[in-house]
Amino acid sequence: MIPINWVVGLAAILFAIGAIGVMTRRNPLIMFMSAEMMWNAAALAFIAFARHWHDMSGQVMAFLIVGTAAAEVGIGLAIIVTVYHRRHRLDVDEISGMKN
Amino acid sequence: MTPFVILAILAIIGALGVVVAKQPVHSALFLVGNILSLAVLYLLLSAEFLAVAQVIVYAGAIMVLFLFVVTLLTAGKEEGEPKEQLGGQRWLAGVLSLAVGIALAVLAIRRPGPRIVSGLPRNFGNLHGMGLILWGPDFLYLVGIAIMLLTAGLGVLVLNRPVRRKDARSQRRNEA
């Protein structure tokens, strides 16, 4: 059997790598994929704890995370495409229209 | 332990590839590798339904959507990143998130917590057990997710509606 604390450690590492991607990259598509990775890390932690406590509620939460991520990707990609049609650049630093 | 180590290394390689890759297409492909290794890891954690759902929803639907958008927006384009305006803030943010990740991982690995040795309950991780909870005590969450997905679909339609001519003219005047 897999020791559960190592799985949670892996989830933490994946979450941190995703956070680094969101913080340091400027392409909105890559930032989005990093955010997906962070969702996945959270789901992995939920599943690991579900296995540890022999309780399926964690797996239900992970299922809800998958659903939420699907909705988020739909909306987010629509926003990226809309912004690209107006600006013709893929750079989050360019999008400062809501500032001031 | 060995399968877990192999899968963890694969997942971390995929994750690093997403962050490091220059082209968004390469990021998407690395993300597919990351997601598939996580799906096998779910199988090892006896979450068979979620492993299948992960492959179908993430590797199937979401990644295809990503690849469509990537090819639509960045086909044949080779543009360097524009000038940095934030100074060292970006590096600082990266280093800080790295520190948070290392702290979380060390804490998680060094505190194992109590163990449960009894066997798994019946229907653990398969569709039957999942349905018993989703249509039983957690039905409210299911309805919430359903409403959220419907709203997201409507939002996509609203965001991508064709611009009417009058709107376009007034918008052009605003930009001028």
# chains A, B, ... in the order shown; residues from 1 in each chain; ligands from 1
>>> closest_atom_pairs(of="chain B", to="chain A", cutoff="7 Å", atoms="only C-alpha atoms", output="tab-separated table")
residue	atom	partner	partner_atom	distance
B:Met1	CA	A:Ile2	CA	5.8
B:Phe4	CA	A:Ile2	CA	6.9
B:Ala8	CA	A:Leu10	CA	6.8
B:Ile12	CA	A:Leu14	CA	6.7
B:Ala15	CA	A:Ile17	CA	6.6
B:Leu16	CA	A:Ile17	CA	6.8
B:Val19	CA	A:Gly21	CA	5.0
B:Pro24	CA	A:Ile30	CA	6.0
B:Ser27	CA	A:Ile30	CA	6.7
B:Leu45	CA	A:Arg51	CA	6.3
B:Leu50	CA	A:Phe63	CA	6.8
B:Ile62	CA	A:Ala70	CA	6.7
B:Arg90	CA	A:Thr24	CA	5.4
B:Trp91	CA	A:Thr24	CA	6.9
B:Ala93	CA	A:Met23	CA	6.1
B:Gly94	CA	A:Ile20	CA	5.0
B:Ser97	CA	A:Ile20	CA	5.9
B:Leu98	CA	A:Ala16	CA	5.9
B:Val100	CA	A:Ala16	CA	7.0
B:Gly101	CA	A:Ala16	CA	4.5
B:Ile102	CA	A:Ile13	CA	7.0
B:Leu104	CA	A:Ala12	CA	5.8
B:Ala105	CA	A:Gly9	CA	4.2
B:Ala108	CA	A:Gly9	CA	5.3
B:Ile109	CA	A:Asn5	CA	5.0
B:Pro112	CA	A:Asn5	CA	5.4
B:Ile116	CA	A:Trp53	CA	6.9
B:Leu120	CA	A:His54	CA	6.0
B:Pro121	CA	A:His54	CA	7.0
B:Phe124	CA	A:Met56	CA	6.8
B:Gly125	CA	A:Met56	CA	6.9
B:Met130	CA	A:Val60	CA	6.7
B:Ile145	CA	A:Gly67	CA	6.7
B:Leu149	CA	A:Ala71	CA	5.3
B:Ala152	CA	A:Ala71	CA	5.5
B:Gly155	CA	A:Ile75	CA	6.6
B:Val156	CA	A:Ile75	CA	5.7
B:Leu159	CA	A:Ala78	CA	6.6
B:Asn160	CA	A:Ala78	CA	6.9
>>> select_by_dssp(residues="chain A", states="alpha helix (DSSP H)", output="PyMOL selection string")
chain A and resi 4-24+28-53+57-87
>>> residues_around(residues="Leu10 of chain B", least_positions_apart="5", cutoff="12 Å", atoms="only C-alpha atoms", output="list in words")
Leu10 and Leu14 of chain A; Pro3, Phe4, Val5, Ala15, Leu16, Gly17, Phe30, Leu31, Val32, Gly33, Asn34, Ile35, Leu36, Ser37, Leu38, Ala39, Val40 and Leu41 of chain B
>>> atom_distance(atom1="atom CA of Ala28 of chain B", atom2="atom CA of Ile56 of chain B")
15.9 Å
>>> atom_distance(atom1="atom CA of Val57 of chain B", atom2="atom CA of Asn123 of chain B")
22.3 Å
>>> atom_distance(atom1="atom CA of Gln89 of chain B", atom2="atom CA of Ile95 of chain A")
17.9 Å
